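A short write-up of the structure that comes next.
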Amino acid sequence: MKNQAFNPYLPSWEYVPDGEPHVFGDRVYVYGSHDAFGAPIFCVNNYVCWSAPVDDLSDWRFEGTIYRKRQDPGNPFGIRSLYAPDVTRGPDGRYYLYYAFDFMGEIGVAVCDTPAGSYQFYGKVRHASGKVWGKKSGEQFPFDPAVLTDEDGRVWLYSGFATKVPFIASRWHNLRNDGGVVMELLPDMITIKTEPRVLFPIKGKPGAFPGHAFFEASSIRRVDDRYCFVYSSEHNHDLCYAMSSRPDGGFEYGGVLVDLGDLYLDGNTDEAHAANYLGNTHGGLLSIGADWYIFYHRQTNRSSYARQACAEKLRRRPDGGFYQAEVTSCGLNGGPLSGTGTYEARIACNLWSREGTGRYDCKNPRKAFAAHPYFTQSGRDREGDGDQYIANMRDGAVAGFKYFLFDGTEREIGISVRGNARGHMIVSHNKNLFFDKDLSSVAAKLPLNLNGQLSSVRGPFRAIAGKQALFFGYEGEGSIDFLSFTMD
């Protein structure tokens with residue numbers, strides 16, 4: 001690769017959640033929603049696309065705006081948001097973009113001759129009668145579309161939502177939300193051929209997957225000779241999967257692919273003590289050669305409305321499924337990051353306070369997490385370059401980075417920080433660095449005496465040889481903003 005690849009893999013100022021990766025030709029294209037930094041709701045911006053060569057997942061290129069909110073005829077003033085899109089290449093060779101039209105209970109479709117060109121409105125998914133799906137009493141609520149053009153040319157559309165049907169969609173149409181549904185579309189890519197049928201019941205319904213029932217975030221792929229359905233479960237901070245030999249039934253639960261806080265790994269299920277702060281997530285599988293990746297998004301800014309694109313490499317199970325991936329700072333890198341160089345603090349994959357973590361989708365998260373560290377940026381939405389950082393690290397706060405490759409030689413480490421604080425930054429290979437009895441895992445201890453200024457502090461650095469995590473923990477008075485660190 002030209003450069004190392006990090007999480008998040010797009011620039012620090014870009015907020016693209018719900019990313020669906022697809023290979024078209026020799027490039028990977030990611031289609032997602034588009035949040036705005038500082039916005040009070042989801043998906044304020046127009047759809048954009050990013051792409052990278054299949055052989056260099058560090059080299060992401062901005063393809064520009066591919067579809068604007070106002071292009072939907074029902075949204076002439078652009079006040080409605082467009083949610084969680086997916087794209088497929090239809091039997092006619094054109095590219096079709098499917099999206100949830102806000103909470104209105106409609107799936108819009110746009111079309112383009114190229115993967116990342118200017119998509120044009122095509123219509124709304126509809127019944128053979130011409131009536132738009134979601135406008136008939138008792139229908140399942142259309143949301144989070146996932147689409148697959150199968151090898152035989154048949155087109156399958158998946159959708160679903162588990163929470164109470166929003167008022168604006170249910171007021172006139174009495175829509176239901178029993179779970180994830182599937183339907184086949186006609187070759188015109190918009191007309192329903194087989195009526196929507198619930199495949200993935202929500203929690204409390206017969207047939208729901210125990211402990212990980214369907215919630216939202218439908219995504220579909222072929223994996224070898226089977227169909228793999230990816231979704232967000234009742235916990236809403238994980239992506240799970242189910243597999244079947246056919247696209248319209250027989251799916252069996254496979255497991256968790258990734259969780260924002262690494263819950264379910266090592267037996268931890270405590271949302272208050274996760275490896276990172278929690279909120280919704282959504283993504284899809286990517287296959288390149290023999291390698292598989294899961295794309296997802298993380299939360300920032302003590303909010304559910306500024307989400308960023310991340311990805312992790314997956315390992316296959318003997319049964320053809322996947323093991324749960326750990327969240328890392330080096331997901332698309334193909335291995336650990338170099339043990340030398342300068343790294344932005346924003347690529348931390350673990351973050352918590354002395355009190356632990358929690359869910360940003362709680363009531364008044366800014367108040368609930370006022371004493372907690374968080375990812376944020378200077379400037380307004382889509383401004384700046386490389387200015388994202390970790391804010392508000394107080395006594396006992398920890399930022400973790402996984403993984404680096406060290407050669408075991410002694411060197412120096414420097415950190416770039418600011419704030420009003422007096423204490424130390426401890427650097428360790430052990431996430432329990434404040435309770436570490438084995439001091440051999442402590443790689444550095446840097447004194448801090450800050451009076452509001454931006455400061456660079458350096459000291460000896462003794463890293464253990466091999467693949468290692470690094471955890472930076474602040475102990476002391478006041479709070480600091482953590483911008484970057486350098487190992488040389």
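Identifiers in the structure tokens: chain A, B, ... in order shown; residue index from 1 per chain; ligand index from 1 in order shown.
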
Open item on the list: When you look at Pro91 (chain A) with a cut-off of 9 Å (counting only C-alpha atoms), what residues show up, excluding the ones that are within fewer than 2 positions of it in the same chain? I need them as a VMD selection string.
Closed with: chain A and resid 89 93 to 94 149 153 to 155 187 189

For the interface of region 463-485 of chain A with region 346-358 of chain A (cut-off 10 Å, counting only C-alpha atoms), please tabulate each contacting residue of region 463-485 of chain A alongside its nearest pair of atoms and their separation in Å to one decimal, rows sorted by chain and increasing number, as a tab-separated table.
```
residue	atom	partner	partner_atom	distance
A:Leu470	CA	A:Ala348	CA	9.5
A:Phe471	CA	A:Asn350	CA	8.5
A:Phe472	CA	A:Leu351	CA	9.6
A:Gly473	CA	A:Ser353	CA	9.4
A:Tyr474	CA	A:Ser353	CA	9.7
A:Glu475	CA	A:Arg354	CA	9.9
A:Phe482	CA	A:Arg346	CA	8.6
A:Leu483	CA	A:Arg346	CA	7.4
A:Ser484	CA	A:Arg346	CA	7.9
```

Open item on the list: Restricting the calculation to only C-alpha atoms: of A:Ala443, A:Leu405, A:Ala39, A:Leu186, which residue gets closest to Gly335 (chain A)?
Closed with: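 Looking only at the distances to Gly335 (chain A), the closest residue turns out to be A:Leu405.
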
TODO: Within 10 Å of Tyr9 (chain A), counting only C-alpha atoms, which residues show up once you throw out same-chain ones fewer than 4 positions away? Write them as a PyMOL selection string, please.
DONE: chain A and resi 4-5+14+57-60+308-311+329-333+347

Serialized selection, C-alpha atoms, as a PDB file, in the first residue's frame:
```
ATOM      1  CA  GLN A   4      -0.626   2.861   6.351  1.00  0.00           C
ATOM      2  CA  ALA A   5      -4.378   2.495   6.804  1.00  0.00           C
ATOM      3  CA  GLU A  14     -15.699  13.227   7.128  1.00  0.00           C
ATOM      4  CA  LEU A  57      -7.186   0.293   1.011  1.00  0.00           C
ATOM      5  CA  SER A  58      -5.164   3.230   2.344  1.00  0.00           C
ATOM      6  CA  ASP A  59      -5.731   5.343  -0.778  1.00  0.00           C
ATOM      7  CA  TRP A  60      -9.305   6.674  -0.461  1.00  0.00           C
ATOM      8  CA  GLN A 308     -17.411   7.853  11.258  1.00  0.00           C
ATOM      9  CA  ALA A 309     -16.541   4.964   8.967  1.00  0.00           C
ATOM     10  CA  CYS A 310     -14.363   2.110  10.281  1.00  0.00           C
ATOM     11  CA  ALA A 311     -13.551  -1.427   9.112  1.00  0.00           C
ATOM     12  CA  SER A 329      -6.798   1.326  14.956  1.00  0.00           C
ATOM     13  CA  CYS A 330      -5.413  -0.596  11.966  1.00  0.00           C
ATOM     14  CA  GLY A 331      -8.426  -2.382  10.471  1.00  0.00           C
ATOM     15  CA  LEU A 332      -7.596  -2.109   6.748  1.00  0.00           C
ATOM     16  CA  ASN A 333      -3.821  -2.042   7.197  1.00  0.00           C
ATOM     17  CA  ILE A 347      -7.328   6.771  15.655  1.00  0.00           C
TER      18      ILE A 347
END
```

Task: Non-local contacts of region 113-120 of chain A (12 Å; only C-alpha atoms; under 5 positions in same chain excluded) as a PyMOL selection string - done: chain A and resi 21-31+46-52+61-73+86-90+92-98+108

Open item on the list: With only C-alpha atoms as the counted atoms, please give the residues lying no more than 8 Å from Arg126 (chain A), apart from itself and same-chain residues fewer than 5 positions off, as JSON, numbers by chain.
Closed with: {"A": [131, 132, 133, 190, 191, 192]}

Any chance you can output those residues with N, CA and C atoms as a PDB file, in the first residue's frame?
```pdb
ATOM      1  N   LYS A 131     -49.001   1.165  -6.506  1.00  0.00           N
ATOM      2  CA  LYS A 131     -49.065   1.802  -5.184  1.00  0.00           C
ATOM      3  C   LYS A 131     -47.712   1.660  -4.492  1.00  0.00           C
ATOM      4  N   VAL A 132     -47.214   2.770  -3.955  1.00  0.00           N
ATOM      5  CA  VAL A 132     -45.916   2.771  -3.283  1.00  0.00           C
ATOM      6  C   VAL A 132     -45.964   1.897  -2.037  1.00  0.00           C
ATOM      7  N   TRP A 133     -44.935   1.064  -1.879  1.00  0.00           N
ATOM      8  CA  TRP A 133     -44.838   0.231  -0.677  1.00  0.00           C
ATOM      9  C   TRP A 133     -44.717   1.131   0.555  1.00  0.00           C
ATOM     10  N   ILE A 190     -37.651  -1.904  -9.430  1.00  0.00           N
ATOM     11  CA  ILE A 190     -38.453  -1.043  -8.560  1.00  0.00           C
ATOM     12  C   ILE A 190     -39.816  -1.643  -8.201  1.00  0.00           C
ATOM     13  N   THR A 191     -40.297  -2.582  -9.017  1.00  0.00           N
ATOM     14  CA  THR A 191     -41.615  -3.175  -8.795  1.00  0.00           C
ATOM     15  C   THR A 191     -41.482  -4.485  -8.020  1.00  0.00           C
ATOM     16  N   ILE A 192     -42.305  -4.630  -6.981  1.00  0.00           N
ATOM     17  CA  ILE A 192     -42.257  -5.820  -6.134  1.00  0.00           C
ATOM     18  C   ILE A 192     -42.865  -7.003  -6.881  1.00  0.00           C
TER      19      ILE A 192
END
```

Task: Which of A:Leu199, A:Val442, A:Leu454, A:Ala371 sits closest to Val182 (chain A) [using only C-alpha atoms] - done: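 Nearest candidate to Val182 (chain A) out of A:Leu199, A:Val442, A:Leu454, A:Ala371: A:Leu199.
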
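Nearest residue to Glu195 (chain A), choosing from A:Leu263, A:Ala162, A:Val125, A:Ile390 and counting only C-alpha atoms: A:Val125.
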
Open item on the list: With only C-alpha atoms as the counted atoms, please give the residues lying no more than 12 Å from Ala368 (chain A), apart from itself and same-chain residues fewer than 2 positions off, as a PyMOL selection string.
Closed with: chain A and resi 302-303+355+357-366+370-373

For the residues selected in the previous step, produce a file with N, CA and C atoms as a PDB file, in the first residue's frame.
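Ended up saving to part-v2.pdb:
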```pdb
ATOM      1  N   ARG A 302     -19.723  12.972  21.654  1.00  0.00           N
ATOM      2  CA  ARG A 302     -20.759  12.700  22.671  1.00  0.00           C
ATOM      3  C   ARG A 302     -22.153  12.771  22.042  1.00  0.00           C
ATOM      4  N   SER A 303     -22.294  12.135  20.891  1.00  0.00           N
ATOM      5  CA  SER A 303     -23.514  12.285  20.102  1.00  0.00           C
ATOM      6  C   SER A 303     -23.707  11.065  19.232  1.00  0.00           C
ATOM      7  N   GLU A 355     -14.878   6.169  35.339  1.00  0.00           N
ATOM      8  CA  GLU A 355     -16.198   5.598  35.649  1.00  0.00           C
ATOM      9  C   GLU A 355     -16.655   4.595  34.599  1.00  0.00           C
ATOM     10  N   THR A 357     -17.786   3.639  30.575  1.00  0.00           N
ATOM     11  CA  THR A 357     -18.310   4.182  29.323  1.00  0.00           C
ATOM     12  C   THR A 357     -19.831   4.281  29.425  1.00  0.00           C
ATOM     13  N   GLY A 358     -20.522   4.114  28.330  1.00  0.00           N
ATOM     14  CA  GLY A 358     -21.973   4.144  28.305  1.00  0.00           C
ATOM     15  C   GLY A 358     -22.475   4.367  26.905  1.00  0.00           C
ATOM     16  N   ARG A 359     -23.775   4.616  26.779  1.00  0.00           N
ATOM     17  CA  ARG A 359     -24.427   4.765  25.476  1.00  0.00           C
ATOM     18  C   ARG A 359     -24.717   6.234  25.203  1.00  0.00           C
ATOM     19  N   TYR A 360     -24.318   6.697  24.023  1.00  0.00           N
ATOM     20  CA  TYR A 360     -24.599   8.075  23.634  1.00  0.00           C
ATOM     21  C   TYR A 360     -26.065   8.288  23.255  1.00  0.00           C
ATOM     22  N   ASP A 361     -26.810   7.210  23.061  1.00  0.00           N
ATOM     23  CA  ASP A 361     -28.220   7.375  22.715  1.00  0.00           C
ATOM     24  C   ASP A 361     -29.102   7.486  23.955  1.00  0.00           C
ATOM     25  N   CYS A 362     -28.501   7.875  25.083  1.00  0.00           N
ATOM     26  CA  CYS A 362     -29.263   8.106  26.304  1.00  0.00           C
ATOM     27  C   CYS A 362     -29.833   9.530  26.270  1.00  0.00           C
ATOM     28  N   LYS A 363     -30.628   9.871  27.268  1.00  0.00           N
ATOM     29  CA  LYS A 363     -31.176  11.210  27.371  1.00  0.00           C
ATOM     30  C   LYS A 363     -30.077  12.187  27.765  1.00  0.00           C
ATOM     31  N   ASN A 364     -29.924  13.279  26.995  1.00  0.00           N
ATOM     32  CA  ASN A 364     -28.957  14.343  27.268  1.00  0.00           C
ATOM     33  C   ASN A 364     -27.539  13.790  27.457  1.00  0.00           C
ATOM     34  N   PRO A 365     -26.942  13.203  26.415  1.00  0.00           N
ATOM     35  CA  PRO A 365     -25.615  12.602  26.558  1.00  0.00           C
ATOM     36  C   PRO A 365     -24.518  13.598  26.923  1.00  0.00           C
ATOM     37  N   ARG A 366     -24.630  14.856  26.489  1.00  0.00           N
ATOM     38  CA  ARG A 366     -23.595  15.835  26.836  1.00  0.00           C
ATOM     39  C   ARG A 366     -23.523  16.048  28.346  1.00  0.00           C
ATOM     40  N   ALA A 370     -20.396  14.479  30.735  1.00  0.00           N
ATOM     41  CA  ALA A 370     -19.658  15.737  30.865  1.00  0.00           C
ATOM     42  C   ALA A 370     -18.237  15.521  31.393  1.00  0.00           C
ATOM     43  N   ALA A 371     -18.017  14.495  32.200  1.00  0.00           N
ATOM     44  CA  ALA A 371     -16.702  14.236  32.779  1.00  0.00           C
ATOM     45  C   ALA A 371     -15.935  13.161  32.026  1.00  0.00           C
ATOM     46  N   HIS A 372     -16.413  12.797  30.826  1.00  0.00           N
ATOM     47  CA  HIS A 372     -15.803  11.710  30.062  1.00  0.00           C
ATOM     48  C   HIS A 372     -15.011  12.249  28.875  1.00  0.00           C
ATOM     49  N   PRO A 373     -14.008  11.498  28.420  1.00  0.00           N
ATOM     50  CA  PRO A 373     -13.288  11.882  27.201  1.00  0.00           C
ATOM     51  C   PRO A 373     -14.142  11.596  25.971  1.00  0.00           C
TER      52      PRO A 373
END
```

- [ ] DSSP on the backbone, then: every residue of region 210-414 of chain A marked strand (DSSP E or B), written as a ChimeraX atom specification.
- [x] /A:214-223,226-233,238-244,246,249,252-259,278,285-288,291-300,303-314,316,322,337-338,341-344,350-353,356,359,374-377,388-393,398-406,411-414

TODO: Write out as a ChimeraX atom specification which residues come within 9 Å of Gly478 (chain A) when counting only C-alpha atoms, dropping same-chain ones fewer than 3 positions away.
DONE: /A:392-395,419-423

TODO: Record the distance separating CA of Gly320 (chain A) and CA of Val223 (chain A), expressed in Å with one decimal.
DONE: 8.4 Å
